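K.L.:
Got a structure for you, protein_24.tsv, holding TSV, C-alpha atoms.
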```tsv
chain	number	residue	atom	x	y	z
A	32	MET	CA	6.43	2.60	2.61
A	33	LYS	CA	9.75	2.57	0.77
A	34	ASN	CA	13.33	3.18	1.79
A	35	GLY	CA	15.57	5.20	-0.48
A	36	ARG	CA	17.96	8.11	-0.93
A	37	GLY	CA	20.13	9.74	-3.56
A	38	LYS	CA	19.76	10.93	-7.09
A	39	ALA	CA	17.24	9.92	-9.72
A	40	THR	CA	19.36	6.98	-10.82
A	41	CYS	CA	19.44	5.64	-7.28
A	42	VAL	CA	15.70	6.04	-7.01
A	43	ALA	CA	15.22	4.05	-10.21
A	44	VAL	CA	17.51	1.29	-8.97
A	45	LEU	CA	15.68	1.19	-5.65
A	46	VAL	CA	12.29	0.93	-7.32
A	47	LEU	CA	13.49	-1.90	-9.53
A	48	SER	CA	15.05	-3.74	-6.59
A	49	ALA	CA	11.97	-3.44	-4.40
A	50	SER	CA	9.65	-4.45	-7.21
A	51	VAL	CA	11.39	-7.81	-7.58
A	52	GLY	CA	11.87	-8.32	-3.86
A	53	ALA	CA	15.66	-7.91	-3.96
A	54	GLN	CA	16.07	-7.00	-0.32
A	55	PRO	CA	19.09	-7.83	1.85
A	56	GLN	CA	19.00	-11.13	3.70
A	57	ALA	CA	19.72	-11.36	7.38
A	58	PRO	CA	23.37	-12.34	7.98
A	59	GLY	CA	23.86	-16.08	7.68
A	60	GLN	CA	20.32	-16.69	6.44
A	61	PRO	CA	19.56	-18.51	3.16
A	62	PRO	CA	17.39	-16.68	0.60
A	63	ARG	CA	13.69	-16.80	1.41
A	64	VAL	CA	12.96	-17.04	-2.32
A	65	PRO	CA	15.43	-19.02	-4.49
A	66	PRO	CA	16.37	-17.28	-7.74
A	67	ILE	CA	15.21	-18.51	-11.11
A	68	THR	CA	18.34	-19.23	-13.10
A	69	THR	CA	19.27	-20.61	-16.50
A	70	ASP	CA	19.67	-23.97	-14.79
A	71	SER	CA	16.16	-23.96	-13.29
A	72	SER	CA	13.93	-26.72	-14.57
A	73	PRO	CA	10.43	-25.98	-15.91
A	74	GLN	CA	9.01	-27.48	-12.72
A	75	GLU	CA	11.20	-25.24	-10.55
A	76	ILE	CA	10.22	-22.17	-12.54
A	77	GLN	CA	6.54	-23.03	-12.15
A	78	GLN	CA	6.94	-23.70	-8.43
A	79	ILE	CA	8.83	-20.49	-7.64
A	80	ALA	CA	6.58	-18.29	-9.79
A	81	GLY	CA	3.52	-19.97	-8.29
A	82	ILE	CA	4.21	-18.90	-4.72
A	83	THR	CA	1.71	-16.08	-5.25
A	84	ARG	CA	-0.36	-15.57	-8.38
A	85	ALA	CA	-3.48	-13.76	-9.47
A	86	GLY	CA	-6.68	-15.76	-9.24
A	87	ARG	CA	-10.14	-14.95	-10.45
A	88	LYS	CA	-11.03	-11.36	-11.29
A	89	LEU	CA	-13.38	-9.74	-8.82
A	90	THR	CA	-14.47	-6.56	-10.58
A	91	PRO	CA	-18.26	-6.42	-10.16
A	92	LYS	CA	-20.76	-5.77	-12.93
A	93	ALA	CA	-21.49	-2.45	-11.26
A	94	TRP	CA	-20.15	-0.52	-8.31
A	95	PRO	CA	-22.47	0.93	-5.61
A	96	ASN	CA	-25.21	3.23	-6.85
A	97	GLY	CA	-24.49	2.19	-10.42
A	98	ALA	CA	-21.02	3.78	-10.41
A	99	ARG	CA	-18.69	2.75	-13.22
A	100	VAL	CA	-15.43	3.04	-11.25
A	101	ALA	CA	-14.27	2.75	-7.65
A	102	VAL	CA	-11.65	5.19	-6.36
A	103	ALA	CA	-9.54	4.79	-3.23
A	104	PHE	CA	-7.02	7.24	-1.83
A	105	THR	CA	-4.53	5.45	0.42
A	106	PHE	CA	-1.68	6.72	2.56
A	107	ASP	CA	1.26	4.82	4.03
A	108	VAL	CA	2.07	6.73	7.22
A	109	ASP	CA	5.68	5.60	7.53
A	110	ASN	CA	7.25	8.76	8.97
A	111	GLU	CA	10.40	8.03	11.01
A	112	SER	CA	10.18	4.26	10.49
A	113	LEU	CA	11.85	4.66	7.10
A	114	PHE	CA	14.98	6.01	8.76
A	115	ARG	CA	15.25	3.60	11.68
A	116	ALA	CA	18.40	1.86	10.36
A	117	ARG	CA	20.33	5.13	10.72
A	118	PRO	CA	18.24	7.29	13.03
A	119	LEU	CA	20.19	10.52	12.82
A	120	PRO	CA	18.41	13.78	13.77
A	121	VAL	CA	18.01	15.26	10.29
A	122	PRO	CA	16.45	12.25	8.49
A	123	MET	CA	14.33	11.49	11.55
A	124	SER	CA	13.00	15.04	11.42
A	125	GLN	CA	12.22	14.49	7.75
A	126	GLY	CA	10.04	11.55	8.73
A	127	GLU	CA	8.54	13.48	11.63
A	128	TYR	CA	7.26	16.04	9.11
A	129	GLY	CA	4.72	13.46	8.03
A	130	ALA	CA	3.08	13.56	11.46
A	131	THR	CA	3.47	17.22	12.36
A	132	THR	CA	2.58	18.79	9.01
A	133	GLY	CA	1.94	16.37	6.17
A	134	LEU	CA	-0.84	14.33	7.75
A	135	PRO	CA	-2.83	17.32	9.09
A	136	ARG	CA	-2.58	18.99	5.68
A	137	ILE	CA	-3.79	15.85	3.89
A	138	LEU	CA	-6.62	15.29	6.36
A	139	GLU	CA	-7.78	18.87	5.86
A	140	LEU	CA	-7.92	18.26	2.11
A	141	LEU	CA	-9.81	14.98	2.46
A	142	ASP	CA	-12.28	16.45	4.93
A	143	ARG	CA	-12.87	19.53	2.77
A	144	GLN	CA	-13.44	17.37	-0.31
A	145	ARG	CA	-15.40	14.76	1.72
A	146	VAL	CA	-13.26	11.91	0.41
A	147	PRO	CA	-12.65	8.82	2.58
A	148	ALA	CA	-9.20	7.24	2.67
A	149	SER	CA	-7.31	4.23	3.99
A	150	PHE	CA	-4.25	4.83	6.18
A	151	PHE	CA	-1.68	2.05	6.64
A	152	ILE	CA	0.45	2.66	9.72
A	153	PRO	CA	3.49	0.82	11.05
A	154	ALA	CA	3.16	0.32	14.81
A	155	MET	CA	6.34	2.35	15.30
A	156	SER	CA	4.76	5.42	13.68
A	157	LEU	CA	1.81	5.27	16.05
A	158	MET	CA	4.08	4.72	19.05
A	159	LEU	CA	5.92	7.96	18.24
A	160	HIS	CA	2.78	9.91	17.31
A	161	PRO	CA	-0.28	8.51	19.10
A	162	GLU	CA	-2.13	11.76	18.38
A	163	MET	CA	-2.40	10.72	14.71
A	164	LEU	CA	-5.04	8.15	15.59
A	165	GLN	CA	-7.53	10.74	16.84
A	166	GLU	CA	-6.75	13.05	13.94
A	167	ILE	CA	-7.45	10.35	11.35
A	168	ARG	CA	-10.60	9.08	13.06
A	169	LYS	CA	-12.08	12.50	13.79
A	170	SER	CA	-14.13	12.74	10.57
A	171	GLY	CA	-15.48	9.20	10.87
A	172	MET	CA	-14.71	8.57	7.18
A	173	HIS	CA	-11.32	6.91	7.20
A	174	GLU	CA	-9.89	3.44	7.73
A	175	ILE	CA	-6.65	2.33	9.41
A	176	GLY	CA	-4.84	-0.84	8.31
A	177	VAL	CA	-1.79	-2.88	9.29
A	178	HIS	CA	1.59	-1.92	7.80
A	179	GLY	CA	4.14	-3.80	9.85
A	180	TRP	CA	5.84	-3.35	13.21
A	181	VAL	CA	8.77	-1.05	12.41
A	182	HIS	CA	8.36	-1.07	8.61
A	183	GLU	CA	10.54	-4.17	8.52
A	184	SER	CA	11.70	-5.82	5.32
A	185	LEU	CA	10.13	-9.27	5.50
A	186	THR	CA	12.85	-10.84	3.37
A	187	SER	CA	15.46	-9.86	5.96
A	188	VAL	CA	13.74	-11.38	9.02
A	189	SER	CA	14.97	-14.76	10.21
A	190	GLY	CA	12.10	-16.91	8.95
A	191	PRO	CA	8.37	-17.66	9.10
A	192	GLU	CA	8.30	-17.73	12.91
A	193	GLU	CA	9.76	-14.24	13.10
A	194	GLU	CA	7.45	-13.01	10.36
A	195	GLN	CA	4.48	-14.46	12.25
A	196	ARG	CA	5.59	-12.79	15.48
A	197	LEU	CA	5.91	-9.38	13.85
A	198	LEU	CA	2.54	-9.72	12.12
A	199	THR	CA	0.84	-10.75	15.35
A	200	GLN	CA	2.44	-7.86	17.26
A	201	SER	CA	1.34	-5.39	14.60
A	202	ILE	CA	-2.25	-6.64	14.61
A	203	GLU	CA	-2.49	-6.66	18.39
A	204	PHE	CA	-0.98	-3.19	18.72
A	205	LEU	CA	-3.42	-1.63	16.25
A	206	THR	CA	-6.34	-3.59	17.67
A	207	ARG	CA	-5.68	-2.15	21.12
A	208	ALA	CA	-5.27	1.35	19.72
A	209	LEU	CA	-8.39	1.22	17.53
A	210	GLY	CA	-10.61	-0.80	19.82
A	211	LYS	CA	-11.31	-3.15	16.92
A	212	ARG	CA	-9.32	-5.48	14.71
A	213	PRO	CA	-8.10	-3.99	11.39
A	214	VAL	CA	-9.38	-5.81	8.31
A	215	GLY	CA	-6.74	-4.68	5.81
A	216	TYR	CA	-3.05	-5.44	5.36
A	217	ARG	CA	-0.36	-3.76	3.30
A	218	ALA	CA	3.15	-5.21	3.54
A	219	PRO	CA	6.01	-2.87	4.44
A	220	SER	CA	7.88	-1.94	1.25
A	221	TRP	CA	5.24	-3.95	-0.66
A	222	ILE	CA	7.31	-7.10	-0.21
A	223	TRP	CA	6.07	-10.63	0.48
A	224	THR	CA	7.97	-13.80	1.29
A	225	PRO	CA	6.80	-17.32	0.39
A	226	ASP	CA	5.23	-17.47	3.86
A	227	THR	CA	3.32	-14.19	3.67
A	228	PRO	CA	0.25	-15.42	1.72
A	229	SER	CA	-0.64	-18.09	4.26
A	230	LEU	CA	0.18	-15.88	7.25
A	231	VAL	CA	-2.00	-13.02	6.00
A	232	ALA	CA	-4.85	-15.35	5.05
A	233	LYS	CA	-4.72	-17.21	8.38
A	234	ALA	CA	-4.71	-13.90	10.25
A	235	GLY	CA	-8.24	-13.37	8.94
A	236	PHE	CA	-7.70	-10.21	6.91
A	237	LEU	CA	-10.52	-9.31	4.56
A	238	TYR	CA	-8.12	-7.93	1.98
A	239	ASP	CA	-4.51	-7.26	1.10
A	240	SER	CA	-3.11	-4.30	-0.81
A	241	SER	CA	0.50	-5.19	-1.61
A	242	LEU	CA	0.50	-7.00	-4.96
A	243	MET	CA	0.52	-5.80	-8.55
A	244	ALA	CA	-0.71	-8.55	-10.89
A	245	MET	CA	-3.71	-6.64	-12.27
A	246	ASP	CA	-5.30	-3.20	-12.46
A	247	GLN	CA	-8.48	-4.63	-10.95
A	248	PRO	CA	-9.33	-6.55	-7.79
A	249	TYR	CA	-8.64	-10.27	-7.76
A	250	GLU	CA	-8.37	-13.27	-5.47
A	251	VAL	CA	-4.90	-14.25	-4.28
A	252	LEU	CA	-3.62	-17.70	-5.15
A	253	ALA	CA	-0.89	-19.28	-3.00
A	254	ASN	CA	0.91	-22.26	-4.50
A	255	GLY	CA	-1.95	-22.77	-6.92
A	256	LYS	CA	-4.70	-22.71	-4.28
A	257	ALA	CA	-7.32	-20.02	-3.72
A	258	THR	CA	-6.82	-18.22	-0.40
A	259	GLY	CA	-10.12	-16.34	-0.23
A	260	LEU	CA	-8.06	-13.18	0.25
A	261	ILE	CA	-9.19	-10.19	-1.80
A	262	GLU	CA	-6.34	-8.32	-3.45
A	263	LEU	CA	-6.78	-4.58	-4.01
A	264	PRO	CA	-3.67	-4.04	-6.12
A	265	ILE	CA	-1.27	-1.16	-6.03
A	266	SER	CA	1.30	0.08	-8.55
A	267	TRP	CA	4.52	2.08	-8.51
A	268	ILE	CA	3.00	4.25	-11.25
A	269	VAL	CA	0.35	5.57	-8.87
A	270	ASP	CA	2.68	6.02	-5.90
A	271	ASP	CA	4.45	9.25	-5.00
A	272	PHE	CA	7.82	7.78	-4.02
A	273	PRO	CA	9.28	7.00	-7.49
A	274	TYR	CA	8.58	10.56	-8.63
A	275	TYR	CA	9.41	12.66	-5.59
A	276	GLY	CA	11.63	10.43	-3.46
A	277	GLU	CA	12.01	11.13	0.22
A	278	ASN	CA	14.22	14.16	-0.44
A	279	GLY	CA	12.28	15.59	-3.35
A	280	ASP	CA	15.01	14.37	-5.71
A	281	GLY	CA	12.99	11.84	-7.67
A	282	SER	CA	13.23	11.40	-11.41
A	283	LEU	CA	10.07	13.42	-12.07
A	284	PRO	CA	9.82	16.04	-9.32
A	285	SER	CA	7.24	18.29	-11.01
A	286	PRO	CA	3.87	17.98	-9.25
A	287	ASP	CA	2.16	19.00	-12.50
A	288	ALA	CA	3.80	16.11	-14.36
A	289	VAL	CA	2.87	13.68	-11.59
A	290	PHE	CA	-0.72	14.90	-11.76
A	291	GLN	CA	-0.85	14.07	-15.46
A	292	ILE	CA	0.28	10.49	-14.75
A	293	TYR	CA	-2.28	10.02	-11.98
A	294	LYS	CA	-4.98	11.52	-14.21
A	295	ALA	CA	-4.17	9.17	-17.10
A	296	GLU	CA	-4.24	6.14	-14.80
A	297	PHE	CA	-7.63	7.19	-13.44
A	298	ASP	CA	-8.93	7.77	-16.98
A	299	THR	CA	-7.95	4.20	-17.87
A	300	ALA	CA	-9.71	2.78	-14.82
A	301	TYR	CA	-12.76	4.90	-15.64
A	302	ARG	CA	-12.83	3.70	-19.24
A	303	GLU	CA	-12.38	0.06	-18.20
A	304	LYS	CA	-14.88	0.35	-15.32
A	305	THR	CA	-12.52	-1.07	-12.74
A	306	LEU	CA	-10.57	0.36	-9.82
A	307	PHE	CA	-8.21	3.28	-9.19
A	308	ILE	CA	-6.01	3.14	-6.07
A	309	LEU	CA	-3.57	5.95	-5.30
A	310	THR	CA	-0.81	5.55	-2.70
A	311	ASN	CA	0.88	8.56	-1.11
A	312	HIS	CA	2.99	9.22	1.98
A	313	PRO	CA	2.33	12.17	4.31
A	314	HIS	CA	6.04	12.96	4.68
A	315	ILE	CA	6.38	13.08	0.87
A	316	SER	CA	3.07	14.34	-0.54
A	317	GLY	CA	2.13	16.40	2.50
A	318	HIS	CA	4.15	19.32	1.14
A	319	GLY	CA	2.16	22.23	-0.21
A	320	SER	CA	2.84	21.87	-3.95
A	321	ARG	CA	1.94	18.19	-3.83
A	322	VAL	CA	-1.21	18.55	-1.76
A	323	GLU	CA	-2.31	21.14	-4.30
A	324	GLN	CA	-2.04	18.52	-7.05
A	325	LEU	CA	-3.96	15.98	-4.95
A	326	ASP	CA	-6.69	18.57	-4.55
A	327	LYS	CA	-6.67	19.13	-8.30
A	328	LEU	CA	-6.85	15.36	-8.92
A	329	ILE	CA	-9.84	14.89	-6.61
A	330	THR	CA	-11.64	17.78	-8.27
A	331	TYR	CA	-10.99	16.26	-11.70
A	332	ILE	CA	-12.21	12.82	-10.63
A	333	LYS	CA	-15.35	14.35	-9.15
A	334	SER	CA	-16.08	16.03	-12.47
A	335	LYS	CA	-16.76	12.61	-13.99
A	336	PRO	CA	-20.19	11.00	-13.52
A	337	GLY	CA	-20.43	7.59	-11.91
A	338	VAL	CA	-17.47	7.67	-9.52
A	339	TRP	CA	-17.60	5.94	-6.13
A	340	PHE	CA	-15.05	6.98	-3.51
A	341	GLY	CA	-14.51	4.35	-0.81
A	342	THR	CA	-12.02	3.09	1.69
A	343	LEU	CA	-10.35	-0.18	0.80
A	344	GLU	CA	-12.40	-1.79	3.56
A	345	GLU	CA	-15.64	-0.58	1.97
A	346	ILE	CA	-14.49	-1.72	-1.47
A	347	ALA	CA	-13.46	-5.16	-0.19
A	348	LYS	CA	-16.75	-5.67	1.67
A	349	TYR	CA	-18.71	-4.79	-1.45
A	350	LEU	CA	-16.60	-7.17	-3.56
A	351	LYS	CA	-17.13	-9.96	-1.06
A	352	GLU	CA	-20.89	-9.46	-1.18
A	353	GLN	CA	-20.96	-9.33	-4.98
A	354	ASN	CA	-18.79	-12.40	-5.45
A	355	HIS	CA	-20.23	-14.52	-2.67
A	356	SER	CA	-22.69	-16.27	-4.95
A	357	THR	CA	-19.93	-17.33	-7.34
A	358	GLU	CA	-17.61	-18.80	-4.68
```
Rewrite the structure of this file - the entire thing - as structure tokens.

P.N.:
Amino acid sequence: MKNGRGKATCVAVLVLSASVGAQPQAPGQPPRVPPITTDSSPQEIQQIAGITRAGRKLTPKAWPNGARVAVAFTFDVDNESLFRARPLPVPMSQGEYGATTGLPRILELLDRQRVPASFFIPAMSLMLHPEMLQEIRKSGMHEIGVHGWVHESLTSVSGPEEEQRLLTQSIEFLTRALGKRPVGYRAPSWIWTPDTPSLVAKAGFLYDSSLMAMDQPYEVLANGKATGLIELPISWIVDDFPYYGENGDGSLPSPDAVFQIYKAEFDTAYREKTLFILTNHPHISGHGSRVEQLDKLITYIKSKPGVWFGTLEEIAKYLKEQNHSTE
């Protein structure tokens, strides 16, 4: 999902940059999002901040079978797409690890624990490793969602027409591969432009999983208007990249320490009766020490009564049913 290299300081800078959408612009292109400055008027601040906001909360009174919390394990299968700007043999092989070793190891864990998951795949990753599709679908438990064409940064494409073209290509490619249209979208690098809300909503997606305004599901607002799009929010805190990095040189490389963070975030969701979504990458968390901690986390979560494991598609469909009467 993310691009990044270097020492812990570089990782921290990258995380901060990506979280505020500070991605390079295409040469000669004006910024897709104007900055808020000390000279911005109150109206300008409201307008810029209002491009995408959190709408009504969608957490149901109860999850399926009376569960008190919903849990979703998600994986961004980026592989070589993260290294496409400088596709040298060594970094490309690092991404390839996600397909050859990381993904099979993760699927074995999920199948053994009988836990469904959502996999977001850039079209490029599936082009290079078409065998992944059969591997993911073999158990019949998992979901596959849209994650861009070549893991492009949307703020560096030329404009809304180009963003629309890439989104359409990504949807059509996965639809042909799956034999059905994907219902979920997760933006590459978790970055939206001012055009993304309307493009994703008009594409007919049931849900998005790219935003971070709450720890519970909510409806996406675009320029103050309800879109009908269900947001299943993510967070850098429950993502493997800030801790491990792509080279294992993150600021907190200990799998045991990462487990404690994931555990505490789940405990909060459990206490508040909301939603816990974990995001990992096969080329990062598919290594043995990290899969071991994922196994440990699943076992811990299962030890609590009233937990519902679902794909994001299953969670979004349930939320739509529960909130239909209040729309």

K.L.:
Please list as a PyMOL selection string every residue within 8 Å of A:Thr105, counting only C-alpha atoms and excluding residues in the same chain fewer than 5 positions away.

P.N.:
chain A and resi 148-151+308-311+342

K.L.:
To one decimal place, how far is atom CA of A:Glu303 from atom CA of A:His178 in Å?

P.N.:
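Distance between the two atoms: 29.6 Å.
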
K.L.:
Could you state the separation of atom CA of A:Gln77 and atom CA of A:Leu198 in Å, given to one decimal place?

P.N.:
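Result for atom CA of A:Gln77 versus atom CA of A:Leu198: 28.0 Å, one decimal.
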
K.L.:
Go through A:Lys294, A:Leu138, A:Lys92, A:Trp180 and flag the residue nearest A:Gln165, using only C-alpha atoms for the distances.

P.N.:
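Ranked by minimum distance to A:Gln165, first place goes to A:Leu138.
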
K.L.:
Would you mind telling me which residue in A:Ile167, A:Leu185, A:Met123, A:Leu157 lies nearest to A:Glu111 when using only C-alpha atoms?

P.N.:
A:Met123

K.L.:
Which residues, written as a PyMOL selection string, have at least one atom at most 12 Å from A:Pro219, with only C-alpha atoms counted and residues fewer than 4 positions away on the same chain left out?

P.N.:
chain A and resi 32-34+49+52+54+107-109+112-113+151-154+176-187+194+197-198+201+223-224+227+239-242

K.L.:
Taking all atoms of stretch 134-142 of chain A that appear in the file, build a box with edges along x, y and z, extend it by 5 Å on every side, and state its centre and edge lengths in Å to one decimal, as AutoDock Vina command-line options.

P.N.:
```
--center_x -6.6 --center_y 16.7 --center_z 5.6 --size_x 21.4 --size_y 14.7 --size_z 17.0
```

K.L.:
So the first atom is atom CA of A:Ile329 and the second is atom CA of A:Pro135; what is the distance between them in Å, to one decimal place?

P.N.:
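So the answer is 17.4 Å.
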
K.L.:
Neighbours of A:Leu230 within 12 Å (all atoms listed in the file; same-chain residues fewer than 3 positions away dropped), as an mmCIF file with C-alpha atoms, in the frame of the given file?

P.N.:
```cif
data_model
loop_
_atom_site.group_PDB
_atom_site.id
_atom_site.type_symbol
_atom_site.label_atom_id
_atom_site.label_comp_id
_atom_site.auth_asym_id
_atom_site.auth_seq_id
_atom_site.Cartn_x
_atom_site.Cartn_y
_atom_site.Cartn_z
ATOM 1 C CA PRO A 191 8.370 -17.660 9.100
ATOM 2 C CA GLU A 192 8.300 -17.730 12.910
ATOM 3 C CA GLU A 193 9.760 -14.240 13.100
ATOM 4 C CA GLU A 194 7.450 -13.010 10.360
ATOM 5 C CA GLN A 195 4.480 -14.460 12.250
ATOM 6 C CA ARG A 196 5.590 -12.790 15.480
ATOM 7 C CA LEU A 197 5.910 -9.380 13.850
ATOM 8 C CA LEU A 198 2.540 -9.720 12.120
ATOM 9 C CA THR A 199 0.840 -10.750 15.350
ATOM 10 C CA TYR A 216 -3.050 -5.440 5.360
ATOM 11 C CA ALA A 218 3.150 -5.210 3.540
ATOM 12 C CA TRP A 223 6.070 -10.630 0.480
ATOM 13 C CA THR A 224 7.970 -13.800 1.290
ATOM 14 C CA PRO A 225 6.800 -17.320 0.390
ATOM 15 C CA ASP A 226 5.230 -17.470 3.860
ATOM 16 C CA THR A 227 3.320 -14.190 3.670
ATOM 17 C CA LYS A 233 -4.720 -17.210 8.380
ATOM 18 C CA ALA A 234 -4.710 -13.900 10.250
ATOM 19 C CA GLY A 235 -8.240 -13.370 8.940
ATOM 20 C CA PHE A 236 -7.700 -10.210 6.910
ATOM 21 C CA ASP A 239 -4.510 -7.260 1.100
ATOM 22 C CA ALA A 253 -0.890 -19.280 -3.000
ATOM 23 C CA THR A 258 -6.820 -18.220 -0.400
ATOM 24 C CA LEU A 260 -8.060 -13.180 0.250
#
```

K.L.:
When you count all atoms listed in the file, which of these residues is closest to A:Asp142: A:Pro122, A:Ala347, A:Asp326, A:Thr83?

P.N.:
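Smallest separation from A:Asp142 among the options: A:Asp326.
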
K.L.:
For stretch 264-267 of chain A, find every residue with an atom within 10 Å (counting all atoms listed in the file), except residues of its own chain fewer than 3 positions away, and show them as a ChimeraX atom specification.

P.N.:
/A:46-47,50,105,217,221,239-249,261,270-274,306-310

K.L.:
Keeping only C-alpha atoms, write the selected residues to a file as a PDB file, keeping the file's coordinate frame.

P.N.:
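What ended up in selection09.pdb:
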```
ATOM      1  CA  VAL A  46      12.290   0.930  -7.320  1.00  0.00           C
ATOM      2  CA  LEU A  47      13.490  -1.900  -9.530  1.00  0.00           C
ATOM      3  CA  SER A  50       9.650  -4.450  -7.210  1.00  0.00           C
ATOM      4  CA  THR A 105      -4.530   5.450   0.420  1.00  0.00           C
ATOM      5  CA  ARG A 217      -0.360  -3.760   3.300  1.00  0.00           C
ATOM      6  CA  TRP A 221       5.240  -3.950  -0.660  1.00  0.00           C
ATOM      7  CA  ASP A 239      -4.510  -7.260   1.100  1.00  0.00           C
ATOM      8  CA  SER A 240      -3.110  -4.300  -0.810  1.00  0.00           C
ATOM      9  CA  SER A 241       0.500  -5.190  -1.610  1.00  0.00           C
ATOM     10  CA  LEU A 242       0.500  -7.000  -4.960  1.00  0.00           C
ATOM     11  CA  MET A 243       0.520  -5.800  -8.550  1.00  0.00           C
ATOM     12  CA  ALA A 244      -0.710  -8.550 -10.890  1.00  0.00           C
ATOM     13  CA  MET A 245      -3.710  -6.640 -12.270  1.00  0.00           C
ATOM     14  CA  ASP A 246      -5.300  -3.200 -12.460  1.00  0.00           C
ATOM     15  CA  GLN A 247      -8.480  -4.630 -10.950  1.00  0.00           C
ATOM     16  CA  PRO A 248      -9.330  -6.550  -7.790  1.00  0.00           C
ATOM     17  CA  TYR A 249      -8.640 -10.270  -7.760  1.00  0.00           C
ATOM     18  CA  ILE A 261      -9.190 -10.190  -1.800  1.00  0.00           C
ATOM     19  CA  ASP A 270       2.680   6.020  -5.900  1.00  0.00           C
ATOM     20  CA  ASP A 271       4.450   9.250  -5.000  1.00  0.00           C
ATOM     21  CA  PHE A 272       7.820   7.780  -4.020  1.00  0.00           C
ATOM     22  CA  PRO A 273       9.280   7.000  -7.490  1.00  0.00           C
ATOM     23  CA  TYR A 274       8.580  10.560  -8.630  1.00  0.00           C
ATOM     24  CA  LEU A 306     -10.570   0.360  -9.820  1.00  0.00           C
ATOM     25  CA  PHE A 307      -8.210   3.280  -9.190  1.00  0.00           C
ATOM     26  CA  ILE A 308      -6.010   3.140  -6.070  1.00  0.00           C
ATOM     27  CA  LEU A 309      -3.570   5.950  -5.300  1.00  0.00           C
ATOM     28  CA  THR A 310      -0.810   5.550  -2.700  1.00  0.00           C
TER      29      THR A 310
END
```

K.L.:
Using the atoms already present, construct N, CA and C atoms for stretch 67-83 of chain A and hand them back as an mmCIF file, keeping the file's coordinate frame.

P.N.:
```cif
data_model
loop_
_atom_site.group_PDB
_atom_site.id
_atom_site.type_symbol
_atom_site.label_atom_id
_atom_site.label_comp_id
_atom_site.auth_asym_id
_atom_site.auth_seq_id
_atom_site.Cartn_x
_atom_site.Cartn_y
_atom_site.Cartn_z
ATOM 1 N N ILE A 67 15.412 -17.738 -9.890
ATOM 2 C CA ILE A 67 15.210 -18.510 -11.110
ATOM 3 C C ILE A 67 16.427 -18.272 -11.986
ATOM 4 N N THR A 68 17.118 -19.331 -12.323
ATOM 5 C CA THR A 68 18.340 -19.230 -13.100
ATOM 6 C C THR A 68 18.214 -19.970 -14.415
ATOM 7 N N THR A 69 19.266 -19.891 -15.231
ATOM 8 C CA THR A 69 19.270 -20.610 -16.500
ATOM 9 C C THR A 69 19.296 -22.113 -16.301
ATOM 10 N N ASP A 70 19.650 -22.549 -15.095
ATOM 11 C CA ASP A 70 19.670 -23.970 -14.790
ATOM 12 C C ASP A 70 18.366 -24.472 -14.169
ATOM 13 N N SER A 71 17.434 -23.557 -13.905
ATOM 14 C CA SER A 71 16.160 -23.960 -13.290
ATOM 15 C C SER A 71 15.357 -24.814 -14.265
ATOM 16 N N SER A 72 14.779 -25.867 -13.738
ATOM 17 C CA SER A 72 13.930 -26.720 -14.570
ATOM 18 C C SER A 72 12.565 -26.077 -14.752
ATOM 19 N N PRO A 73 11.796 -26.510 -15.747
ATOM 20 C CA PRO A 73 10.430 -25.980 -15.910
ATOM 21 C C PRO A 73 9.602 -26.143 -14.643
ATOM 22 N N GLN A 74 9.770 -27.263 -13.953
ATOM 23 C CA GLN A 74 9.010 -27.480 -12.720
ATOM 24 C C GLN A 74 9.415 -26.483 -11.635
ATOM 25 N N GLU A 75 10.715 -26.215 -11.546
ATOM 26 C CA GLU A 75 11.200 -25.240 -10.550
ATOM 27 C C GLU A 75 10.708 -23.841 -10.873
ATOM 28 N N ILE A 76 10.714 -23.497 -12.134
ATOM 29 C CA ILE A 76 10.220 -22.170 -12.540
ATOM 30 C C ILE A 76 8.747 -22.020 -12.170
ATOM 31 N N GLN A 77 7.957 -23.055 -12.480
ATOM 32 C CA GLN A 77 6.540 -23.030 -12.150
ATOM 33 C C GLN A 77 6.327 -22.925 -10.640
ATOM 34 N N GLN A 78 7.106 -23.672 -9.875
ATOM 35 C CA GLN A 78 6.940 -23.700 -8.430
ATOM 36 C C GLN A 78 7.288 -22.351 -7.806
ATOM 37 N N ILE A 79 8.401 -21.765 -8.221
ATOM 38 C CA ILE A 79 8.830 -20.490 -7.640
ATOM 39 C C ILE A 79 7.860 -19.380 -8.039
ATOM 40 N N ALA A 80 7.507 -19.329 -9.330
ATOM 41 C CA ALA A 80 6.580 -18.290 -9.790
ATOM 42 C C ALA A 80 5.201 -18.459 -9.187
ATOM 43 N N GLY A 81 4.862 -19.695 -8.804
ATOM 44 C CA GLY A 81 3.520 -19.970 -8.290
ATOM 45 C C GLY A 81 3.340 -19.722 -6.814
ATOM 46 N N ILE A 82 4.353 -19.200 -6.150
ATOM 47 C CA ILE A 82 4.210 -18.900 -4.720
ATOM 48 C C ILE A 82 3.008 -18.003 -4.482
ATOM 49 N N THR A 83 2.892 -16.961 -5.295
ATOM 50 C CA THR A 83 1.710 -16.080 -5.250
ATOM 51 C C THR A 83 1.357 -15.687 -6.666
#
```
